[in-house]
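Reproduced below: model34.tsv, with TSV, C-alpha atoms.
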```tsv
chain	number	residue	atom	x	y	z
X	1	MET	CA	36.20	-25.76	19.93
X	2	SER	CA	36.99	-26.82	16.38
X	3	ARG	CA	34.31	-28.09	14.02
X	4	SER	CA	35.76	-31.63	13.81
X	5	LEU	CA	35.84	-31.95	17.60
X	6	ALA	CA	32.19	-30.84	17.87
X	7	GLN	CA	31.15	-33.37	15.21
X	8	SER	CA	32.94	-36.20	17.01
X	9	CYS	CA	31.23	-35.28	20.29
X	10	PHE	CA	27.86	-35.31	18.56
X	11	ARG	CA	28.51	-38.79	17.05
X	12	GLN	CA	29.43	-40.22	20.43
X	13	LEU	CA	26.35	-38.76	22.06
X	14	SER	CA	24.07	-40.05	19.29
X	15	ARG	CA	25.45	-43.60	19.50
X	16	SER	CA	25.26	-43.96	23.29
X	17	PRO	CA	22.30	-43.03	25.52
X	18	LEU	CA	22.65	-39.83	27.48
X	19	LYS	CA	23.42	-40.21	31.15
X	20	GLN	CA	23.11	-37.63	33.86
X	21	GLY	CA	26.38	-35.77	34.23
X	22	SER	CA	27.86	-37.15	30.97
X	23	LEU	CA	26.68	-34.22	28.81
X	24	PRO	CA	29.13	-31.32	28.43
X	25	VAL	CA	27.98	-28.03	29.84
X	26	PHE	CA	28.09	-26.19	26.52
X	27	LEU	CA	25.72	-28.77	24.91
X	28	ALA	CA	23.18	-28.76	27.72
X	29	PRO	CA	20.90	-26.04	26.22
X	30	ALA	CA	20.66	-27.89	22.89
X	31	PHE	CA	19.45	-31.14	24.55
X	32	SER	CA	17.22	-29.52	27.13
X	33	SER	CA	13.61	-30.72	26.90
X	34	GLN	CA	12.19	-27.66	28.65
X	35	ARG	CA	13.21	-25.03	26.10
X	36	THR	CA	10.55	-22.37	25.68
X	37	GLN	CA	11.29	-19.45	23.40
X	38	CYS	CA	8.55	-16.93	22.69
X	39	PHE	CA	9.18	-14.84	19.59
X	40	SER	CA	6.13	-12.59	20.08
X	41	THR	CA	4.16	-11.56	23.13
X	42	THR	CA	1.18	-10.11	21.24
X	43	SER	CA	-1.98	-11.98	20.39
X	44	PRO	CA	-2.07	-13.30	16.79
X	45	THR	CA	-5.73	-12.28	16.38
X	46	GLN	CA	-5.26	-8.53	16.82
X	47	SER	CA	-5.02	-5.91	14.07
X	48	ARG	CA	-3.01	-2.81	14.92
X	49	VAL	CA	-4.58	-0.95	11.98
X	50	GLY	CA	-8.16	-2.20	12.14
X	51	GLY	CA	-8.52	-1.68	15.90
X	52	ALA	CA	-7.45	1.98	15.80
X	53	ALA	CA	-10.23	4.57	15.97
X	54	LEU	CA	-10.79	7.04	13.13
X	55	SER	CA	-10.96	10.78	13.75
X	56	ILE	CA	-13.58	12.53	11.63
X	57	PRO	CA	-13.08	16.24	10.91
X	58	PRO	CA	-16.03	18.57	11.60
X	59	GLU	CA	-16.55	19.28	7.89
X	60	VAL	CA	-16.85	15.56	7.02
X	61	SER	CA	-20.07	13.59	7.42
X	62	LEU	CA	-20.70	9.83	7.28
X	63	LYS	CA	-23.97	8.37	5.99
X	64	PHE	CA	-24.83	4.65	6.17
X	65	ILE	CA	-26.68	3.26	3.15
X	66	ASP	CA	-28.39	-0.16	3.03
X	67	LEU	CA	-27.52	-1.92	-0.22
X	68	PRO	CA	-30.17	-3.94	-2.10
X	69	GLN	CA	-29.73	-7.67	-1.65
X	70	THR	CA	-30.00	-10.07	-4.58
X	71	GLN	CA	-29.55	-13.81	-4.55
X	72	VAL	CA	-26.16	-14.66	-6.04
X	73	ARG	CA	-25.21	-18.30	-5.92
X	74	GLY	CA	-22.04	-18.92	-3.93
X	75	MET	CA	-21.43	-15.22	-3.10
X	76	ALA	CA	-24.28	-14.36	-0.74
X	77	LYS	CA	-22.02	-14.42	2.36
X	78	GLU	CA	-19.40	-12.06	0.91
X	79	LYS	CA	-21.72	-9.51	-0.70
X	80	PRO	CA	-21.69	-6.13	1.10
X	81	LYS	CA	-24.89	-5.17	2.87
X	82	VAL	CA	-23.98	-1.65	3.97
X	83	ALA	CA	-22.11	1.19	2.28
X	84	ILE	CA	-20.73	4.38	3.82
X	85	GLU	CA	-21.06	7.67	1.98
X	86	VAL	CA	-18.25	10.04	2.97
X	87	LYS	CA	-19.01	13.66	2.14
X	88	GLY	CA	-16.71	16.65	2.56
X	89	PRO	CA	-15.87	20.04	1.07
X	90	LEU	CA	-13.86	18.50	-1.80
X	91	GLY	CA	-16.41	15.89	-2.84
X	92	GLU	CA	-18.05	12.65	-1.81
X	93	MET	CA	-17.13	8.97	-2.06
X	94	THR	CA	-18.86	5.70	-1.24
X	95	LEU	CA	-17.19	2.67	0.37
X	96	ASP	CA	-18.77	-0.80	0.50
X	97	ILE	CA	-18.35	-2.52	3.88
X	98	PRO	CA	-17.88	-6.33	3.96
X	99	PRO	CA	-20.74	-8.16	5.75
X	100	PHE	CA	-18.48	-9.43	8.55
X	101	LEU	CA	-17.43	-5.88	9.56
X	102	GLU	CA	-19.37	-3.37	11.64
X	103	VAL	CA	-18.69	0.37	11.82
X	104	ALA	CA	-19.63	2.26	14.99
X	105	HIS	CA	-19.94	6.02	14.50
X	106	ASP	CA	-19.97	8.30	17.54
X	107	GLU	CA	-21.15	11.72	16.34
X	108	ALA	CA	-20.53	13.38	19.71
X	109	SER	CA	-16.82	12.56	19.89
X	110	ARG	CA	-16.35	12.55	16.09
X	111	LYS	CA	-14.90	9.04	16.19
X	112	ALA	CA	-15.51	5.86	14.19
X	113	SER	CA	-14.30	2.35	14.96
X	114	LEU	CA	-14.45	-0.96	13.11
X	115	THR	CA	-15.09	-4.40	14.61
X	116	VAL	CA	-14.93	-7.82	12.99
X	117	GLN	CA	-17.10	-10.86	13.71
X	118	ASP	CA	-14.33	-13.47	14.03
X	119	PRO	CA	-10.76	-12.08	14.25
X	120	GLU	CA	-9.31	-15.61	14.16
X	121	ILE	CA	-10.25	-15.98	10.47
X	122	ALA	CA	-7.33	-14.73	8.37
X	123	HIS	CA	-9.50	-13.26	5.60
X	124	GLN	CA	-11.65	-11.27	8.01
X	125	ARG	CA	-8.63	-10.07	9.97
X	126	ALA	CA	-6.94	-8.91	6.75
X	127	MET	CA	-10.02	-7.06	5.49
X	128	TRP	CA	-10.41	-5.47	8.92
X	129	GLY	CA	-7.26	-3.38	8.50
X	130	THR	CA	-7.75	-2.91	4.74
X	131	THR	CA	-11.26	-1.50	5.10
X	132	ARG	CA	-10.14	0.81	7.89
X	133	ALA	CA	-7.27	2.11	5.71
X	134	HIS	CA	-9.66	2.71	2.77
X	135	LEU	CA	-12.07	4.61	5.00
X	136	GLN	CA	-9.22	6.73	6.37
X	137	ASN	CA	-8.10	7.57	2.80
X	138	TYR	CA	-11.66	8.55	1.87
X	139	ILE	CA	-11.95	10.88	4.87
X	140	LEU	CA	-8.62	12.54	4.07
X	141	GLY	CA	-9.52	12.75	0.40
X	142	VAL	CA	-12.80	14.63	0.81
X	143	SER	CA	-11.38	16.94	3.50
X	144	GLU	CA	-7.78	17.67	2.43
X	145	GLY	CA	-7.17	15.76	-0.81
X	146	HIS	CA	-4.27	13.57	-1.90
X	147	ILE	CA	-1.25	14.78	-3.84
X	148	CYS	CA	1.65	13.25	-5.72
X	149	ILE	CA	4.74	15.20	-6.76
X	150	LEU	CA	6.76	13.80	-9.66
X	151	SER	CA	10.31	15.00	-10.31
X	152	LEU	CA	11.91	14.66	-13.75
X	153	VAL	CA	15.67	14.17	-13.49
X	154	GLY	CA	17.65	14.17	-16.73
X	155	VAL	CA	19.11	16.46	-19.37
X	156	GLY	CA	16.29	17.96	-21.40
X	157	TYR	CA	13.52	16.30	-19.40
X	158	ARG	CA	10.43	18.52	-19.39
X	159	ALA	CA	6.70	18.26	-18.73
X	160	SER	CA	3.74	20.46	-19.59
X	161	ILE	CA	-0.06	20.40	-19.36
X	162	GLU	CA	-1.88	20.67	-22.68
X	163	THR	CA	-5.57	21.06	-23.52
X	164	THR	CA	-5.31	19.03	-26.74
X	165	ALA	CA	-3.37	15.97	-27.85
X	166	THR	CA	-2.47	14.44	-31.19
X	167	THR	CA	-1.69	10.85	-30.20
X	168	VAL	CA	-4.58	10.11	-27.78
X	169	GLU	CA	-8.28	10.90	-27.84
X	170	SER	CA	-10.21	12.76	-25.18
X	171	GLU	CA	-12.25	10.54	-22.84
X	172	TYR	CA	-14.49	13.28	-21.41
X	173	PRO	CA	-15.18	16.95	-22.20
X	174	GLY	CA	-12.51	19.34	-21.00
X	175	GLN	CA	-9.89	16.66	-20.39
X	176	GLU	CA	-6.28	17.82	-20.10
X	177	PHE	CA	-3.16	15.94	-21.12
X	178	VAL	CA	0.31	15.60	-19.63
X	179	SER	CA	3.01	16.01	-22.28
X	180	LEU	CA	6.38	14.46	-21.39
X	181	LYS	CA	9.75	15.03	-23.03
X	182	VAL	CA	11.92	12.35	-21.47
X	183	GLY	CA	14.43	11.35	-24.12
X	184	TYR	CA	12.16	9.91	-26.80
X	185	SER	CA	12.03	11.17	-30.38
X	186	HIS	CA	8.46	12.37	-29.81
X	187	PRO	CA	6.58	13.74	-26.78
X	188	ILE	CA	4.57	11.32	-24.64
X	189	GLU	CA	0.93	12.38	-24.14
X	190	LEU	CA	-1.17	10.98	-21.29
X	191	GLY	CA	-4.77	11.86	-20.56
X	192	VAL	CA	-5.45	13.12	-17.03
X	193	PRO	CA	-8.09	10.88	-15.37
X	194	LYS	CA	-11.40	12.35	-14.30
X	195	GLY	CA	-11.25	13.79	-10.80
X	196	VAL	CA	-7.49	14.48	-10.94
X	197	LYS	CA	-5.98	17.94	-11.35
X	198	ALA	CA	-2.53	18.15	-12.93
X	199	SER	CA	-0.22	21.17	-12.93
X	200	THR	CA	3.46	21.94	-13.55
X	201	PRO	CA	4.80	24.49	-11.03
X	202	GLN	CA	8.21	23.93	-12.67
X	203	PRO	CA	9.15	22.42	-16.04
X	204	THR	CA	10.65	19.42	-14.19
X	205	ARG	CA	7.84	19.04	-11.61
X	206	ILE	CA	4.36	17.55	-12.00
X	207	LEU	CA	1.77	18.05	-9.25
X	208	LEU	CA	-1.20	15.68	-9.18
X	209	GLU	CA	-4.16	16.42	-6.88
X	210	GLY	CA	-7.35	14.45	-6.35
X	211	VAL	CA	-9.90	13.10	-3.92
X	212	ASN	CA	-9.38	9.40	-4.70
X	213	LYS	CA	-5.92	8.26	-3.62
X	214	ASN	CA	-6.02	5.14	-5.79
X	215	VAL	CA	-6.65	7.15	-8.97
X	216	VAL	CA	-3.95	9.72	-8.17
X	217	THR	CA	-1.24	7.18	-7.34
X	218	LYS	CA	-2.15	4.95	-10.30
X	219	PHE	CA	-1.80	7.85	-12.74
X	220	ALA	CA	1.53	8.80	-11.13
X	221	ALA	CA	2.74	5.21	-11.63
X	222	GLU	CA	1.68	5.34	-15.31
X	223	ILE	CA	3.76	8.48	-15.81
X	224	LYS	CA	6.75	6.93	-14.05
X	225	GLU	CA	6.66	3.84	-16.30
X	226	TRP	CA	7.79	5.93	-19.28
X	227	ARG	CA	11.16	6.60	-17.66
X	228	ARG	CA	11.89	4.54	-14.59
X	229	PRO	CA	14.91	5.66	-12.52
X	230	GLU	CA	18.14	3.94	-13.56
X	231	PRO	CA	20.90	3.23	-11.02
X	232	TYR	CA	23.98	4.42	-12.95
X	233	LYS	CA	23.30	8.09	-13.73
X	234	GLY	CA	20.26	8.57	-11.50
X	235	LYS	CA	18.04	9.71	-14.36
X	236	GLY	CA	14.31	9.09	-14.47
X	237	ILE	CA	10.97	10.10	-12.96
X	238	PHE	CA	10.75	10.04	-9.16
X	239	ILE	CA	7.54	10.11	-7.05
X	240	ASN	CA	7.23	11.97	-3.73
X	241	GLY	CA	10.91	12.35	-2.89
X	242	GLU	CA	11.81	8.82	-3.99
X	243	THR	CA	15.55	8.06	-3.99
X	244	ILE	CA	17.65	5.40	-5.64
X	245	LYS	CA	21.05	3.96	-4.70
X	246	LEU	CA	23.58	4.58	-7.44
X	247	LYS	CA	25.81	1.78	-8.66
X	248	ALA	CA	29.46	2.03	-9.60
X	249	LYS	CA	30.18	2.44	-13.28
X	250	LYS	CA	31.33	-0.65	-15.12
X	251	ILE	CA	34.98	-0.25	-16.06
X	252	ARG	CA	36.38	-2.71	-18.56
```

Structure translated into structure tokens:
Amino acid sequence: MSRSLAQSCFRQLSRSPLKQGSLPVFLAPAFSSQRTQCFSTTSPTQSRVGGAALSIPPEVSLKFIDLPQTQVRGMAKEKPKVAIEVKGPLGEMTLDIPPFLEVAHDEASRKASLTVQDPEIAHQRAMWGTTRAHLQNYILGVSEGHICILSLVGVGYRASIETTATTVESEYPGQEFVSLKVGYSHPIELGVPKGVKASTPQPTRILLEGVNKNVVTKFAAEIKEWRRPEPYKGKGIFINGETIKLKAKKIR
């Protein structure tokens, strides 16, 4: 049916009341009053991440610590009351648990699960999965560690680890510095954060290792900002096998 014919049919139907048998067959679904279309069959109050149980390796231990409570006006309900100390062979980290979340630790089965007070509240449901993800990262960090591999793609791009720097000052004793040669007239020097180990297995590869995933990935992003990948020649600094779609060259 053409567009003009469909519009004329709609005008006629809108001007006159609908009678049984007067509606064309192809327009019946649009005017049906019993249309029910379900876009999702899952409950809106469930969290696929927060409800999943955590597996704790044998070399990792969890310790619950009661935090001191002080009266803070307007923030008493959101202040954490319990913290979890995660200890493993690579180190230890502490995670504050929101007051509306509870962590059940089964030492026999080496499992931990999180429950929320009211899953219908959007803020609590969001923090349910977020806290579970943070705890999972802490467990992996103290047991295996987190790594980021940066690849330098470009003519003359090089990286090295230095014990001293001329453009930045040391923040703590024994700090190392990442020296980048990525097309600038001078080398770029970046201080390695505390708790992160940097190495260069190849002149065009940087390996970052650490217990805290947030610190490792943040430092990797700071290095990448000095030469972000460009889409025409594919040059730049890539993180963990990152790829970029090349664009066609502009021809005048």

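The spacing separating CA of Leu207 in chain X from CA of Glu144 in chain X amounts to 15.1 Å.
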
**Message:** Quick one: residues within 8 Å of Ile206 in chain X, all atoms listed in the file, excluding same-chain residues fewer than 6 positions away - as a PyMOL selection string?
**Reply:** chain X and resi 149-151+159+198-200

Between X:Leu67, X:Leu95, X:Val155, X:Ile239, smallest distance to Ile139 in chain X by all atoms listed in the file belongs to X:Leu95

Exercise. Within 9 Å of Glu189 in chain X, counting all atoms listed in the file, which residues show up once you throw out same-chain ones fewer than 6 positions away? Write them as a ChimeraX atom specification, please.
Key: /X:162,165-168,177-180

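Considering the residues X:Met93, X:Ile188, X:Ile244, X:Val116 and counting all atoms listed in the file, Lys213 in chain X has its shortest atom-to-atom contact with X:Met93.
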
CA of Gly88 in chain X to CA of Glu176 in chain X measures 25.0 Å

Considering all atoms listed in the file, tabulate each residue of range 92-174 of chain X that lies at most 12 Å from range 58-66 of chain X along with its nearest interatomic pair and the corresponding distance in Å to one decimal; arrange the rows by chain and ascending residue number and present them as CSV.
```
residue,atom,partner,partner_atom,distance
X:Glu92,CA,X:Val60,CA,9.4
X:Met93,CA,X:Leu62,CA,10.0
X:Thr94,CA,X:Lys63,CA,9.2
X:Leu95,CA,X:Phe64,CA,9.8
X:Asp96,CA,X:Ile65,CA,9.3
X:Ile97,CA,X:Phe64,CA,9.9
X:Pro99,CA,X:Asp66,CA,11.4
X:Glu102,CA,X:Phe64,CA,11.1
X:Val103,CA,X:Phe64,CA,9.4
X:Ala104,CA,X:Phe64,CA,10.5
X:His105,CA,X:Leu62,CA,8.2
X:Asp106,CA,X:Leu62,CA,10.4
X:Glu107,CA,X:Ser61,CA,9.2
X:Ala108,CA,X:Pro58,CA,10.6
X:Ser109,CA,X:Pro58,CA,10.3
X:Arg110,CA,X:Pro58,CA,7.5
X:Lys111,CA,X:Pro58,CA,10.6
X:Ala112,CA,X:Leu62,CA,9.5
X:Leu135,CA,X:Leu62,CA,10.3
X:Gln136,CA,X:Val60,CA,11.7
X:Tyr138,CA,X:Val60,CA,10.1
X:Ile139,CA,X:Val60,CA,7.1
X:Leu140,CA,X:Val60,CA,9.2
X:Gly141,CA,X:Val60,CA,10.3
X:Val142,CA,X:Val60,CA,7.5
X:Ser143,CA,X:Val60,CA,6.6
X:Glu144,CA,X:Val60,CA,10.4
```

Legend entry - Long-range neighbours of range 128-133 of chain X as a ChimeraX atom specification, 10 Å cut-off, all atoms listed in the file, 4 positions minimum in chain: /X:46-54,95-98,100-103,112-117,119,122-124,137-139

Same residues, C-alpha atoms, output as a short mmCIF file (atom, residue, chain, number, x, y, z; two decimals), in the coordinates of the input:
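Result written to again-v2.cif:
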```
data_model
loop_
_atom_site.label_atom_id
_atom_site.label_comp_id
_atom_site.auth_asym_id
_atom_site.auth_seq_id
_atom_site.Cartn_x
_atom_site.Cartn_y
_atom_site.Cartn_z
CA GLN X 46 -5.26 -8.53 16.82
CA SER X 47 -5.02 -5.91 14.07
CA ARG X 48 -3.01 -2.81 14.92
CA VAL X 49 -4.58 -0.95 11.98
CA GLY X 50 -8.16 -2.20 12.14
CA GLY X 51 -8.52 -1.68 15.90
CA ALA X 52 -7.45 1.98 15.80
CA ALA X 53 -10.23 4.57 15.97
CA LEU X 54 -10.79 7.04 13.13
CA LEU X 95 -17.19 2.67 0.37
CA ASP X 96 -18.77 -0.80 0.50
CA ILE X 97 -18.35 -2.52 3.88
CA PRO X 98 -17.88 -6.33 3.96
CA PHE X 100 -18.48 -9.43 8.55
CA LEU X 101 -17.43 -5.88 9.56
CA GLU X 102 -19.37 -3.37 11.64
CA VAL X 103 -18.69 0.37 11.82
CA ALA X 112 -15.51 5.86 14.19
CA SER X 113 -14.30 2.35 14.96
CA LEU X 114 -14.45 -0.96 13.11
CA THR X 115 -15.09 -4.40 14.61
CA VAL X 116 -14.93 -7.82 12.99
CA GLN X 117 -17.10 -10.86 13.71
CA PRO X 119 -10.76 -12.08 14.25
CA ALA X 122 -7.33 -14.73 8.37
CA HIS X 123 -9.50 -13.26 5.60
CA GLN X 124 -11.65 -11.27 8.01
CA ASN X 137 -8.10 7.57 2.80
CA TYR X 138 -11.66 8.55 1.87
CA ILE X 139 -11.95 10.88 4.87
#
```

Got a sec: who's within 9 Å of Pro193 in chain X, counting only C-alpha atoms, leaving out chain neighbours fewer than 5 positions off, as a ChimeraX atom specification?
/X:171,175-176,215-216,219

Filtering to C-alpha atoms, could you give me those residues as an mmCIF file, keeping the file's coordinate frame?
```cif
data_model
loop_
_atom_site.group_PDB
_atom_site.id
_atom_site.type_symbol
_atom_site.label_atom_id
_atom_site.label_comp_id
_atom_site.auth_asym_id
_atom_site.auth_seq_id
_atom_site.Cartn_x
_atom_site.Cartn_y
_atom_site.Cartn_z
ATOM 1 C CA GLU X 171 -12.250 10.540 -22.840
ATOM 2 C CA GLN X 175 -9.890 16.660 -20.390
ATOM 3 C CA GLU X 176 -6.280 17.820 -20.100
ATOM 4 C CA VAL X 215 -6.650 7.150 -8.970
ATOM 5 C CA VAL X 216 -3.950 9.720 -8.170
ATOM 6 C CA PHE X 219 -1.800 7.850 -12.740
#
```

Students should find that CA of Thr243 in chain X and CA of Lys224 in chain X are spaced 13.4 Å

Please produce range 83-109 of chain X, completed to N, CA and C atoms, as a compact mmCIF listing (two decimals), in the coordinates of the input.
```
# COMPACT_ATOMS: atom_id res chain seq x y z
N ALA X 83 -23.12 0.32 2.87
CA ALA X 83 -22.11 1.19 2.28
C ALA X 83 -22.08 2.50 3.06
N ILE X 84 -20.91 3.11 3.11
CA ILE X 84 -20.73 4.38 3.82
C ILE X 84 -20.46 5.47 2.81
N GLU X 85 -21.26 6.51 2.85
CA GLU X 85 -21.06 7.67 1.98
C GLU X 85 -20.30 8.73 2.77
N VAL X 86 -19.11 9.05 2.32
CA VAL X 86 -18.25 10.04 2.97
C VAL X 86 -18.34 11.33 2.18
N LYS X 87 -18.81 12.39 2.82
CA LYS X 87 -19.01 13.66 2.14
C LYS X 87 -18.21 14.75 2.84
N GLY X 88 -17.53 15.56 2.03
CA GLY X 88 -16.71 16.65 2.56
C GLY X 88 -16.69 17.83 1.62
N PRO X 89 -15.90 18.84 1.92
CA PRO X 89 -15.87 20.04 1.07
C PRO X 89 -15.29 19.80 -0.32
N LEU X 90 -14.47 18.75 -0.50
CA LEU X 90 -13.86 18.50 -1.80
C LEU X 90 -14.63 17.50 -2.65
N GLY X 91 -15.63 16.86 -2.07
CA GLY X 91 -16.41 15.89 -2.84
C GLY X 91 -17.00 14.83 -1.93
N GLU X 92 -17.46 13.76 -2.56
CA GLU X 92 -18.05 12.65 -1.81
C GLU X 92 -17.66 11.33 -2.46
N MET X 93 -17.52 10.31 -1.61
CA MET X 93 -17.13 8.97 -2.06
C MET X 93 -17.92 7.94 -1.27
N THR X 94 -18.08 6.76 -1.86
CA THR X 94 -18.86 5.70 -1.24
C THR X 94 -17.99 4.45 -1.11
N LEU X 95 -17.98 3.87 0.08
CA LEU X 95 -17.19 2.67 0.37
C LEU X 95 -18.11 1.54 0.80
N ASP X 96 -18.00 0.39 0.13
CA ASP X 96 -18.77 -0.80 0.50
C ASP X 96 -18.09 -1.50 1.68
N ILE X 97 -18.87 -1.86 2.68
CA ILE X 97 -18.35 -2.52 3.88
C ILE X 97 -18.63 -4.02 3.78
N PRO X 98 -17.63 -4.89 3.97
CA PRO X 98 -17.88 -6.33 3.96
C PRO X 98 -18.91 -6.72 5.02
N PRO X 99 -19.66 -7.80 4.80
CA PRO X 99 -20.74 -8.16 5.75
C PRO X 99 -20.25 -8.57 7.12
N PHE X 100 -18.99 -9.00 7.25
CA PHE X 100 -18.48 -9.43 8.55
C PHE X 100 -17.85 -8.28 9.34
N LEU X 101 -17.96 -7.05 8.86
CA LEU X 101 -17.43 -5.88 9.56
C LEU X 101 -18.57 -4.97 9.98
N GLU X 102 -18.40 -4.34 11.14
CA GLU X 102 -19.37 -3.37 11.64
C GLU X 102 -18.64 -2.07 11.96
N VAL X 103 -19.27 -0.95 11.59
CA VAL X 103 -18.69 0.37 11.82
C VAL X 103 -19.55 1.10 12.84
N ALA X 104 -18.94 1.50 13.94
CA ALA X 104 -19.63 2.26 14.99
C ALA X 104 -19.21 3.72 14.88
N HIS X 105 -20.20 4.59 14.68
CA HIS X 105 -19.94 6.02 14.50
C HIS X 105 -20.48 6.79 15.69
N ASP X 106 -19.59 7.47 16.40
CA ASP X 106 -19.97 8.30 17.54
C ASP X 106 -19.92 9.76 17.08
N GLU X 107 -21.09 10.35 16.84
CA GLU X 107 -21.15 11.72 16.34
C GLU X 107 -20.72 12.74 17.39
N ALA X 108 -20.90 12.43 18.67
CA ALA X 108 -20.53 13.38 19.71
C ALA X 108 -19.02 13.57 19.79
N SER X 109 -18.28 12.47 19.79
CA SER X 109 -16.82 12.56 19.89
C SER X 109 -16.12 12.59 18.53
```
